[in-house]
>>> print(open('structure30.cif').read())   # mmCIF, C-alpha atoms, pLDDT in the B column; chains and numbers go by the auth columns
data_run
loop_
_atom_site.group_PDB
_atom_site.id
_atom_site.type_symbol
_atom_site.label_atom_id
_atom_site.label_comp_id
_atom_site.label_asym_id
_atom_site.label_seq_id
_atom_site.Cartn_x
_atom_site.Cartn_y
_atom_site.Cartn_z
_atom_site.B_iso_or_equiv
_atom_site.auth_seq_id
_atom_site.auth_asym_id
ATOM 1 C CA MET A 1 0.130 14.730 5.642 73.00 5 A
ATOM 2 C CA LEU A 2 -1.781 11.562 6.482 82.00 6 A
ATOM 3 C CA GLY A 3 0.266 9.571 3.976 86.00 7 A
ATOM 4 C CA TRP A 4 3.530 10.679 5.538 90.00 8 A
ATOM 5 C CA GLY A 5 2.152 9.741 8.954 89.00 9 A
ATOM 6 C CA TYR A 6 1.514 6.273 7.581 89.00 10 A
ATOM 7 C CA VAL A 7 5.103 6.066 6.287 93.00 11 A
ATOM 8 C CA TRP A 8 6.284 7.044 9.764 94.00 12 A
ATOM 9 C CA VAL A 9 4.171 4.276 11.318 92.00 13 A
ATOM 10 C CA ILE A 10 5.776 1.731 8.968 93.00 14 A
ATOM 11 C CA VAL A 11 9.247 2.965 9.941 93.00 15 A
ATOM 12 C CA VAL A 12 8.483 2.808 13.668 91.00 16 A
ATOM 13 C CA LEU A 13 6.810 -0.611 13.521 89.00 17 A
ATOM 14 C CA SER A 14 9.678 -1.962 11.445 89.00 18 A
ATOM 15 C CA LEU A 15 12.229 -0.938 14.057 89.00 19 A
ATOM 16 C CA LEU A 16 10.379 -1.796 17.267 87.00 20 A
ATOM 17 C CA PRO A 17 11.691 -4.862 19.064 83.00 21 A
ATOM 18 C CA GLU A 18 9.860 -8.025 18.117 73.00 22 A
ATOM 19 C CA VAL A 19 7.192 -8.954 20.633 63.00 23 A
ATOM 20 C CA PRO A 20 8.039 -12.324 22.218 58.00 24 A
ATOM 21 C CA GLY A 21 5.809 -15.031 20.772 58.00 25 A
ATOM 22 C CA SER A 22 4.675 -12.934 17.797 57.00 26 A
ATOM 23 C CA GLY A 23 6.870 -14.953 15.448 55.00 27 A
ATOM 24 C CA THR A 24 5.053 -18.137 16.375 52.00 28 A
ATOM 25 C CA LEU A 25 1.792 -17.403 14.591 56.00 29 A
ATOM 26 C CA ALA A 26 -0.138 -20.386 13.259 62.00 30 A
ATOM 27 C CA LEU A 27 1.172 -20.032 9.694 68.00 31 A
ATOM 28 C CA PRO A 28 4.820 -19.720 8.732 72.00 32 A
ATOM 29 C CA HIS A 29 5.701 -16.440 7.020 76.00 33 A
ATOM 30 C CA VAL A 30 2.261 -14.957 7.805 82.00 34 A
ATOM 31 C CA ASP A 31 4.020 -11.670 8.561 84.00 35 A
ATOM 32 C CA LYS A 32 4.662 -11.348 4.816 91.00 36 A
ATOM 33 C CA ILE A 33 0.936 -10.670 4.383 91.00 37 A
ATOM 34 C CA PHE A 34 1.325 -7.671 6.703 91.00 38 A
ATOM 35 C CA HIS A 35 4.360 -6.485 4.737 93.00 39 A
ATOM 36 C CA LEU A 36 2.490 -6.803 1.448 95.00 40 A
ATOM 37 C CA GLY A 37 -0.577 -5.016 2.820 94.00 41 A
ATOM 38 C CA ALA A 38 1.390 -2.168 4.387 94.00 42 A
ATOM 39 C CA TYR A 39 3.334 -1.386 1.230 96.00 43 A
ATOM 40 C CA LEU A 40 0.279 -1.922 -0.999 94.00 44 A
ATOM 41 C CA TRP A 41 -1.633 0.716 0.958 92.00 45 A
ATOM 42 C CA MET A 42 1.327 3.093 0.976 94.00 46 A
ATOM 43 C CA ALA A 43 1.742 2.858 -2.816 93.00 47 A
ATOM 44 C CA PHE A 44 -1.995 3.120 -3.401 89.00 48 A
ATOM 45 C CA TRP A 45 -2.222 6.239 -1.221 89.00 49 A
ATOM 46 C CA PHE A 46 0.668 8.121 -2.802 90.00 50 A
ATOM 47 C CA PHE A 47 -0.059 7.008 -6.362 89.00 51 A
ATOM 48 C CA GLN A 48 -3.574 8.424 -5.991 83.00 52 A
ATOM 49 C CA LEU A 49 -2.103 11.747 -4.899 84.00 53 A
ATOM 50 C CA TYR A 50 0.534 11.861 -7.622 84.00 54 A
ATOM 51 C CA SER A 51 -0.865 10.538 -10.894 78.00 55 A
ATOM 52 C CA ASN A 52 2.174 11.609 -12.945 82.00 56 A
ATOM 53 C CA SER A 53 3.991 8.384 -13.879 81.00 57 A
ATOM 54 C CA GLY A 54 7.386 10.016 -13.243 89.00 58 A
ATOM 55 C CA SER A 55 6.350 10.919 -9.700 87.00 59 A
ATOM 56 C CA GLN A 56 4.914 7.470 -9.171 89.00 60 A
ATOM 57 C CA LEU A 57 8.152 5.844 -10.295 91.00 61 A
ATOM 58 C CA ARG A 58 10.171 8.038 -7.937 94.00 62 A
ATOM 59 C CA TYR A 59 7.862 7.222 -5.011 93.00 63 A
ATOM 60 C CA GLY A 60 7.862 3.520 -5.829 93.00 64 A
ATOM 61 C CA VAL A 61 11.651 3.329 -6.011 95.00 65 A
ATOM 62 C CA SER A 62 12.013 5.488 -2.893 96.00 66 A
ATOM 63 C CA PHE A 63 9.621 3.323 -0.899 96.00 67 A
ATOM 64 C CA PHE A 64 11.406 0.158 -2.002 97.00 68 A
ATOM 65 C CA LEU A 65 14.766 1.675 -1.016 97.00 69 A
ATOM 66 C CA LEU A 66 13.195 2.618 2.323 97.00 70 A
ATOM 67 C CA SER A 67 12.200 -1.028 2.814 96.00 71 A
ATOM 68 C CA VAL A 68 15.785 -2.134 2.048 97.00 72 A
ATOM 69 C CA LEU A 69 17.140 0.390 4.566 97.00 73 A
ATOM 70 C CA LEU A 70 14.632 -0.769 7.182 96.00 74 A
ATOM 71 C CA GLU A 71 15.627 -4.398 6.644 94.00 75 A
ATOM 72 C CA CYS A 72 19.291 -3.431 7.044 95.00 76 A
ATOM 73 C CA ALA A 73 18.451 -1.464 10.194 94.00 77 A
ATOM 74 C CA GLN A 74 16.576 -4.478 11.572 92.00 78 A
ATOM 75 C CA SER A 75 19.701 -6.580 11.223 89.00 79 A
ATOM 76 C CA ALA A 76 21.431 -4.145 13.594 88.00 80 A
ATOM 77 C CA THR A 77 18.885 -4.838 16.356 87.00 81 A
ATOM 78 C CA ALA A 78 18.951 -7.682 18.846 84.00 82 A
ATOM 79 C CA SER A 79 15.478 -9.069 18.103 82.00 83 A
ATOM 80 C CA ARG A 80 14.965 -8.421 14.362 86.00 84 A
ATOM 81 C CA HIS A 81 16.828 -9.600 11.285 87.00 85 A
ATOM 82 C CA PHE A 82 17.140 -8.968 7.550 92.00 86 A
ATOM 83 C CA GLU A 83 14.834 -11.127 5.398 92.00 87 A
ATOM 84 C CA TYR A 84 14.782 -11.255 1.612 95.00 88 A
ATOM 85 C CA LEU A 85 11.186 -12.532 1.753 94.00 89 A
ATOM 86 C CA ASP A 86 10.206 -9.296 3.508 94.00 90 A
ATOM 87 C CA LEU A 87 11.697 -7.347 0.607 96.00 91 A
ATOM 88 C CA LEU A 88 9.808 -9.535 -1.847 97.00 92 A
ATOM 89 C CA ALA A 89 6.557 -8.925 0.034 96.00 93 A
ATOM 90 C CA ASN A 90 7.238 -5.180 0.238 96.00 94 A
ATOM 91 C CA GLY A 91 8.024 -4.941 -3.467 97.00 95 A
ATOM 92 C CA SER A 92 4.972 -7.015 -4.354 97.00 96 A
ATOM 93 C CA GLY A 93 2.821 -4.728 -2.236 96.00 97 A
ATOM 94 C CA LEU A 94 4.223 -1.679 -4.008 96.00 98 A
ATOM 95 C CA LEU A 95 3.489 -3.195 -7.425 96.00 99 A
ATOM 96 C CA LEU A 96 -0.046 -4.244 -6.467 95.00 100 A
ATOM 97 C CA GLY A 97 -0.712 -0.825 -4.949 93.00 101 A
ATOM 98 C CA ALA A 98 0.484 0.830 -8.148 91.00 102 A
ATOM 99 C CA LEU A 99 -1.764 -1.397 -10.267 91.00 103 A
ATOM 100 C CA LEU A 100 -4.760 -0.733 -8.055 89.00 104 A
ATOM 101 C CA ALA A 101 -4.095 3.012 -8.087 87.00 105 A
ATOM 102 C CA ARG A 102 -4.138 2.961 -11.883 83.00 106 A
ATOM 103 C CA GLN A 103 -7.058 0.568 -12.424 82.00 107 A
ATOM 104 C CA LEU A 104 -9.426 0.926 -9.486 78.00 108 A
ATOM 105 C CA PRO A 105 -10.428 4.566 -10.021 70.00 109 A
ATOM 106 C CA GLU A 106 -11.352 3.922 -13.657 69.00 110 A
ATOM 107 C CA TRP A 107 -13.351 0.817 -12.741 69.00 111 A
ATOM 108 C CA LEU A 108 -14.951 2.482 -9.706 67.00 112 A
ATOM 109 C CA PHE A 109 -15.903 5.632 -11.575 59.00 113 A
ATOM 110 C CA SER A 110 -17.406 3.614 -14.433 68.00 114 A
ATOM 111 C CA LYS A 111 -19.551 1.700 -11.910 68.00 115 A
ATOM 112 C CA MET A 112 -20.531 4.952 -10.181 62.00 116 A
ATOM 113 C CA ASP A 113 -21.466 6.426 -13.554 66.00 117 A
ATOM 114 C CA ILE A 114 -23.716 3.447 -14.324 74.00 118 A
ATOM 115 C CA CYS A 115 -25.392 3.715 -10.893 73.00 119 A
ATOM 116 C CA LEU A 116 -25.836 7.476 -11.212 70.00 120 A
ATOM 117 C CA MET A 117 -27.411 7.065 -14.641 75.00 121 A
ATOM 118 C CA ALA A 118 -29.791 4.423 -13.251 78.00 122 A
ATOM 119 C CA VAL A 119 -30.782 6.692 -10.361 76.00 123 A
ATOM 120 C CA CYS A 120 -31.343 9.648 -12.710 73.00 124 A
ATOM 121 C CA ASP A 121 -33.381 7.444 -15.040 75.00 125 A
ATOM 122 C CA THR A 122 -35.545 6.293 -12.118 79.00 126 A
ATOM 123 C CA ILE A 123 -36.078 9.877 -10.943 76.00 127 A
ATOM 124 C CA VAL A 124 -37.055 10.991 -14.462 76.00 128 A
ATOM 125 C CA LYS A 125 -39.554 8.124 -14.765 79.00 129 A
ATOM 126 C CA LYS A 126 -41.104 8.822 -11.361 75.00 130 A
ATOM 127 C CA THR A 127 -41.410 12.543 -11.894 74.00 131 A
ATOM 128 C CA GLY A 128 -42.579 12.195 -15.477 68.00 132 A
ATOM 129 C CA ALA A 129 -40.055 14.758 -16.645 58.00 133 A
#
>>> encode(input="structure30.cif", output="structure tokens")
Amino acid sequence: MLGWGYVWVIVVLSLLPEVPGSGTLALPHVDKIFHLGAYLWMAFWFFQLYSNSGSQLRYGVSFFLLSVLLECAQSATASRHFEYLDLLANGSGLLLGALLARQLPEWLFSKMDICLMAVCDTIVKKTGA
């Protein structure tokens, strides 16, 4: 349920009118970092829940199509517009999120296993068991 709430937040934030002055941040195209991060987290979240590669592919394609629809919807508003760079950032975020979802758990669990073994070894040495 939390993941779908996050998707809803992305939809709402994508369609809200642009705040005056928000497009004049210090760096050009800095908003693409937000796009990448939002879609990275969304992919990471759902790909952790659904480890079946078929499900992951369906979610990835669906989320990218959602981003295309949101860009099209933005072009229908007075203060937002369609940007191909946004789509590139969204797609990149989805790909990075998918890679992290596949690689991070294995890496993290291997590190946790090493730490757990070290803790157990220390306990055994201290207790003399």
>>> residues_near_point(input="structure30.cif", point="(7.1, 0.2, -4.6)", cutoff="6 Å", atoms="only C-alpha atoms", output="list in words")
Gly64, Val65, Phe67, Phe68, Gly95, Leu98 and Leu99 of chain A
>>> closest_residue(input="structure30.cif", among="A:Ile118, A:Ala102, A:Val123, A:Leu17", to="Ser71 (chain A)", atoms="all atoms listed in the file")
A:Leu17
>>> closest_residue(input="structure30.cif", among="A:Lys36, A:Glu75, A:Ala47, A:Ala80", to="Gln60 (chain A)", atoms="all atoms listed in the file")
A:Ala47
>>> atom_distance(input="structure30.cif", atom1="CA of Thr126 (chain A)", atom2="CA of Leu108 (chain A)")
26.8 Å
>>> atom_distance(input="structure30.cif", atom1="CA of Asn56 (chain A)", atom2="CA of Met5 (chain A)")
19.0 Å
>>> atom_distance(input="structure30.cif", atom1="CA of Ala77 (chain A)", atom2="CA of Gly58 (chain A)")
28.3 Å
>>> closest_residue(input="structure30.cif", among="A:Lys130, A:Leu53, A:Leu74, A:Asp125", to="Trp8 (chain A)", atoms="all atoms listed in the file")
A:Leu53
>>> resolve_selection(input="structure30.cif", expression="the PyMOL selection byres ((chain A and resi 15) around 12)", output="list in words")
Trp8, Gly9, Tyr10, Val11, Trp12, Val13, Ile14, Val16, Leu17, Ser18, Leu19, Leu20, His39, Ala42, Tyr43, Met46, Phe67, Leu70, Ser71, Val72, Leu73, Leu74, Glu75, Ala77 and Gln78 of chain A
>>> axis_aligned_box(input="structure30.cif", around="region 95-111 of chain A", padding_each_side="4 Å", output="lines of an AutoDock Vina configuration file")
center_x = -2.7
center_y = -1.2
center_z = -7.9
size_x = 29.4
size_y = 19.6
size_z = 19.4
>>> closest_residue(input="structure30.cif", among="A:Ser59, A:Asp35, A:Phe48, A:Glu22", to="Gln107 (chain A)", atoms="all atoms listed in the file")
A:Phe48
